[in-house]
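> Contents of data-v3.cif (mmCIF, C-alpha atoms) are given next:
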```cif
data_data
#
loop_
_atom_site.group_PDB
_atom_site.id
_atom_site.type_symbol
_atom_site.label_atom_id
_atom_site.label_comp_id
_atom_site.auth_asym_id
_atom_site.auth_seq_id
_atom_site.Cartn_x
_atom_site.Cartn_y
_atom_site.Cartn_z
ATOM 1 C CA LEU R 24 9.000 -8.099 -40.624
ATOM 2 C CA VAL R 25 6.580 -5.278 -40.000
ATOM 3 C CA THR R 26 3.600 -5.688 -37.718
ATOM 4 C CA PRO R 27 0.207 -4.475 -38.959
ATOM 5 C CA TRP R 28 -1.287 -1.277 -37.496
ATOM 6 C CA TYR R 29 -3.971 -3.214 -35.605
ATOM 7 C CA TYR R 30 -1.501 -5.462 -33.757
ATOM 8 C CA LEU R 31 -1.577 -3.502 -30.468
ATOM 9 C CA PHE R 32 -5.372 -3.152 -30.533
ATOM 10 C CA THR R 33 -5.786 -6.891 -31.115
ATOM 11 C CA TYR R 34 -3.342 -7.698 -28.331
ATOM 12 C CA ILE R 35 -5.070 -5.402 -25.850
ATOM 13 C CA GLY R 36 -8.495 -6.700 -26.936
ATOM 14 C CA LEU R 37 -7.452 -10.299 -26.358
ATOM 15 C CA THR R 38 -5.779 -9.726 -22.989
ATOM 16 C CA ILE R 39 -8.483 -7.635 -21.317
ATOM 17 C CA PRO R 40 -11.390 -9.646 -19.857
ATOM 18 C CA ILE R 41 -14.768 -8.976 -21.498
ATOM 19 C CA PHE R 42 -16.403 -7.591 -18.328
ATOM 20 C CA THR R 43 -13.570 -5.065 -17.950
ATOM 21 C CA PHE R 44 -13.970 -4.019 -21.575
ATOM 22 C CA ILE R 45 -17.757 -3.617 -21.145
ATOM 23 C CA LEU R 46 -17.284 -1.505 -18.008
ATOM 24 C CA PHE R 47 -14.669 0.552 -19.853
ATOM 25 C CA ILE R 48 -17.168 1.316 -22.644
ATOM 26 C CA ILE R 49 -19.925 2.152 -20.138
ATOM 27 C CA SER R 50 -17.584 4.464 -18.251
ATOM 28 C CA ILE R 51 -16.628 6.305 -21.451
ATOM 29 C CA LEU R 52 -20.306 7.086 -22.037
ATOM 30 C CA ASN R 53 -20.547 8.932 -18.697
ATOM 31 C CA LEU R 54 -17.836 11.619 -18.593
ATOM 32 C CA LYS R 55 -18.422 13.704 -15.471
ATOM 33 C CA ASN R 56 -15.193 13.242 -13.541
ATOM 34 C CA LYS R 57 -12.134 15.319 -14.500
ATOM 35 C CA LEU R 58 -9.760 12.540 -13.461
ATOM 36 C CA LYS R 59 -11.564 10.120 -15.779
ATOM 37 C CA ILE R 60 -11.297 12.582 -18.665
ATOM 38 C CA PHE R 61 -7.575 13.008 -18.014
ATOM 39 C CA ILE R 62 -6.937 9.240 -17.946
ATOM 40 C CA LEU R 63 -8.901 8.808 -21.178
ATOM 41 C CA TYR R 64 -6.852 11.603 -22.717
ATOM 42 C CA VAL R 65 -3.637 9.803 -21.745
ATOM 43 C CA ILE R 66 -4.876 6.485 -23.206
ATOM 44 C CA PHE R 67 -6.040 7.960 -26.502
ATOM 45 C CA PHE R 68 -2.991 10.218 -26.817
ATOM 46 C CA ASN R 69 -0.672 7.211 -26.450
ATOM 47 C CA LEU R 70 -2.680 5.209 -28.985
ATOM 48 C CA PHE R 71 -2.573 8.167 -31.385
ATOM 49 C CA ILE R 72 1.210 8.424 -31.007
ATOM 50 C CA TYR R 73 1.453 4.657 -31.587
ATOM 51 C CA LEU R 74 -0.497 4.993 -34.844
ATOM 52 C CA LEU R 75 1.444 8.078 -35.909
ATOM 53 C CA LEU R 76 4.959 6.753 -35.275
ATOM 54 C CA ASP R 77 4.304 3.087 -36.113
ATOM 55 C CA PRO R 78 7.011 1.674 -33.807
ATOM 56 C CA VAL R 79 8.373 -1.850 -34.073
ATOM 57 C CA ILE R 80 7.057 -3.799 -31.039
ATOM 58 C CA TYR R 81 8.057 -7.400 -31.754
ATOM 59 C CA ASN R 82 8.809 -8.350 -28.152
ATOM 60 C CA GLY R 83 8.325 -4.896 -26.698
ATOM 61 C CA MET R 84 4.745 -5.244 -25.460
ATOM 62 C CA ARG R 85 6.087 -4.454 -22.001
ATOM 63 C CA HIS R 86 6.447 -0.873 -23.244
ATOM 64 C CA PHE R 87 2.660 -0.684 -23.703
ATOM 65 C CA LEU R 88 1.615 -2.570 -20.561
ATOM 66 C CA PHE R 89 0.987 0.731 -18.770
ATOM 67 C CA LEU R 90 -2.187 1.098 -20.873
ATOM 68 C CA ILE R 91 -3.846 -1.926 -19.247
ATOM 69 C CA PRO R 92 -3.939 -0.463 -15.678
ATOM 70 C CA LEU R 93 -5.313 2.803 -17.079
ATOM 71 C CA ILE R 94 -8.086 0.940 -18.905
ATOM 72 C CA VAL R 95 -8.906 -1.015 -15.733
ATOM 73 C CA THR R 96 -8.959 2.233 -13.721
ATOM 74 C CA ILE R 97 -11.490 3.721 -16.136
ATOM 75 C CA ALA R 98 -13.519 0.489 -15.907
ATOM 76 C CA CYS R 99 -13.600 0.898 -12.099
ATOM 77 C CA PHE R 100 -15.279 4.277 -12.598
ATOM 78 C CA GLY R 101 -17.987 2.495 -14.582
#
```
Written as structure tokens, that's how I'd like the structure from this file.

Amino acid sequence: LVTPWYYLFTYIGLTIPIFTFILFIISILNLKNKLKIFILYVIFFNLFIYLLLDPVIYNGMRHFLFLIPLIVTIACFG
């Protein structure tokens, strides 16, 4: 079995509360802090590598759980 490319995005979208996701989007729109830019770079770089390599993550979501605290940190900036 091969998971579709949108599996990780769907999983992250369903596990993050809506207010955190809204604050994450608002915080992306206001990029003034260098730390925020670096954290966004790390998030998008890891998602790009995920799309490029297409790893098998059947029960390995724990390998991507480090993205959730980074998204929440960016939401705190918002």
> Name every residue that the PyMOL selection byres ((chain R and resi 99) around 9) selects in this structure, writing the answer as an MDAnalysis selection string with chains first and numbers rising.
chainID R and resid 43 46:47 50 94:98 100:101
> Between R:Ile48, R:Ile62, R:Ile72, R:Leu31, which one has atoms that come closest to Phe87 in chain R, using all atoms listed in the file?
R:Leu31
> Could you spell out the hits of the PyMOL selection byres ((chain R and resi 90) around 10) on the shown file, as a PyMOL selection string?
chain R and resi 35+62+65-67+69-70+86-89+91-96
> Please report the interatomic distance between CA of Val25 in chain R and CA of Ile39 in chain R in Å with one decimal.
24.1 Å
> Rounded to one decimal place, report the CA of Gly36 in chain R-CA of Phe68 in chain R distance in Å.
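Computing it gives 17.8 Å between the two atoms.
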> Please, what distance in Å, to one decimal, runs between CA of Leu75 in chain R and CA of Thr33 in chain R?
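Going from CA of Leu75 in chain R over to CA of Thr33 in chain R covers 17.3 Å.
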> Missing atoms in range 48-83 of chain R should be modelled up to N, CA and C atoms and reported as a short mmCIF file (atom, residue, chain, number, x, y, z; two decimals), in the coordinates of the input.

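Listing of result-v9.cif after writing:
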```
data_model
loop_
_atom_site.label_atom_id
_atom_site.label_comp_id
_atom_site.auth_asym_id
_atom_site.auth_seq_id
_atom_site.Cartn_x
_atom_site.Cartn_y
_atom_site.Cartn_z
N ILE R 48 -16.28 0.66 -21.68
CA ILE R 48 -17.17 1.32 -22.64
C ILE R 48 -18.27 2.09 -21.92
N ILE R 49 -18.87 1.48 -20.90
CA ILE R 49 -19.92 2.15 -20.14
C ILE R 49 -19.38 3.41 -19.46
N SER R 50 -18.18 3.32 -18.94
CA SER R 50 -17.58 4.46 -18.25
C SER R 50 -17.26 5.60 -19.22
N ILE R 51 -16.90 5.27 -20.45
CA ILE R 51 -16.63 6.30 -21.45
C ILE R 51 -17.91 7.09 -21.76
N LEU R 52 -19.05 6.43 -21.70
CA LEU R 52 -20.31 7.09 -22.04
C LEU R 52 -20.73 8.11 -20.98
N ASN R 53 -20.17 8.03 -19.79
CA ASN R 53 -20.55 8.93 -18.70
C ASN R 53 -19.31 9.71 -18.24
N LEU R 54 -19.03 10.83 -18.91
CA LEU R 54 -17.84 11.62 -18.59
C LEU R 54 -18.20 12.81 -17.72
N LYS R 55 -18.14 12.62 -16.41
CA LYS R 55 -18.42 13.70 -15.47
C LYS R 55 -17.24 14.02 -14.58
N ASN R 56 -16.32 13.09 -14.43
CA ASN R 56 -15.19 13.24 -13.54
C ASN R 56 -13.97 13.75 -14.32
N LYS R 57 -13.30 14.77 -13.80
CA LYS R 57 -12.13 15.32 -14.50
C LYS R 57 -10.97 14.35 -14.52
N LEU R 58 -10.82 13.54 -13.49
CA LEU R 58 -9.76 12.54 -13.46
C LEU R 58 -9.99 11.50 -14.55
N LYS R 59 -11.24 11.09 -14.74
CA LYS R 59 -11.56 10.12 -15.78
C LYS R 59 -11.26 10.69 -17.17
N ILE R 60 -11.57 11.94 -17.37
CA ILE R 60 -11.30 12.58 -18.66
C ILE R 60 -9.80 12.65 -18.91
N PHE R 61 -9.03 12.95 -17.87
CA PHE R 61 -7.58 13.01 -18.01
C PHE R 61 -6.99 11.64 -18.35
N ILE R 62 -7.45 10.59 -17.68
CA ILE R 62 -6.94 9.24 -17.95
C ILE R 62 -7.31 8.81 -19.36
N LEU R 63 -8.52 9.12 -19.80
CA LEU R 63 -8.90 8.81 -21.18
C LEU R 63 -8.04 9.57 -22.17
N TYR R 64 -7.74 10.82 -21.85
CA TYR R 64 -6.85 11.60 -22.72
C TYR R 64 -5.49 10.94 -22.84
N VAL R 65 -4.95 10.47 -21.73
CA VAL R 65 -3.64 9.80 -21.74
C VAL R 65 -3.69 8.53 -22.59
N ILE R 66 -4.74 7.73 -22.43
CA ILE R 66 -4.88 6.48 -23.21
C ILE R 66 -4.95 6.79 -24.69
N PHE R 67 -5.85 7.69 -25.08
CA PHE R 67 -6.04 7.96 -26.50
C PHE R 67 -4.86 8.71 -27.10
N PHE R 68 -4.18 9.55 -26.32
CA PHE R 68 -2.99 10.22 -26.82
C PHE R 68 -1.89 9.20 -27.12
N ASN R 69 -1.70 8.23 -26.22
CA ASN R 69 -0.67 7.21 -26.45
C ASN R 69 -1.02 6.33 -27.64
N LEU R 70 -2.29 6.00 -27.81
CA LEU R 70 -2.68 5.21 -28.98
C LEU R 70 -2.50 6.01 -30.27
N PHE R 71 -2.78 7.31 -30.22
CA PHE R 71 -2.57 8.17 -31.38
C PHE R 71 -1.09 8.24 -31.75
N ILE R 72 -0.23 8.40 -30.76
CA ILE R 72 1.21 8.42 -31.01
C ILE R 72 1.68 7.08 -31.57
N TYR R 73 1.12 5.98 -31.07
CA TYR R 73 1.45 4.66 -31.59
C TYR R 73 1.10 4.57 -33.07
N LEU R 74 -0.09 5.04 -33.44
CA LEU R 74 -0.50 4.99 -34.84
C LEU R 74 0.32 5.95 -35.70
N LEU R 75 0.71 7.08 -35.15
CA LEU R 75 1.44 8.08 -35.91
C LEU R 75 2.89 7.64 -36.17
N LEU R 76 3.54 7.11 -35.15
CA LEU R 76 4.96 6.75 -35.28
C LEU R 76 5.19 5.35 -35.82
N ASP R 77 4.21 4.47 -35.66
CA ASP R 77 4.30 3.09 -36.11
C ASP R 77 5.60 2.41 -35.65
N PRO R 78 5.77 2.27 -34.31
CA PRO R 78 7.01 1.67 -33.81
C PRO R 78 7.03 0.16 -34.02
N VAL R 79 8.21 -0.40 -33.98
CA VAL R 79 8.37 -1.85 -34.07
C VAL R 79 8.27 -2.40 -32.66
N ILE R 80 7.29 -3.29 -32.40
CA ILE R 80 7.06 -3.80 -31.04
C ILE R 80 7.06 -5.32 -31.01
N TYR R 81 8.03 -5.94 -31.67
CA TYR R 81 8.06 -7.40 -31.75
C TYR R 81 7.93 -8.05 -30.38
N ASN R 82 8.87 -7.81 -29.51
CA ASN R 82 8.81 -8.35 -28.15
C ASN R 82 8.72 -7.23 -27.14
N GLY R 83 8.34 -6.05 -27.57
CA GLY R 83 8.32 -4.90 -26.70
C GLY R 83 6.95 -4.56 -26.16
#
```
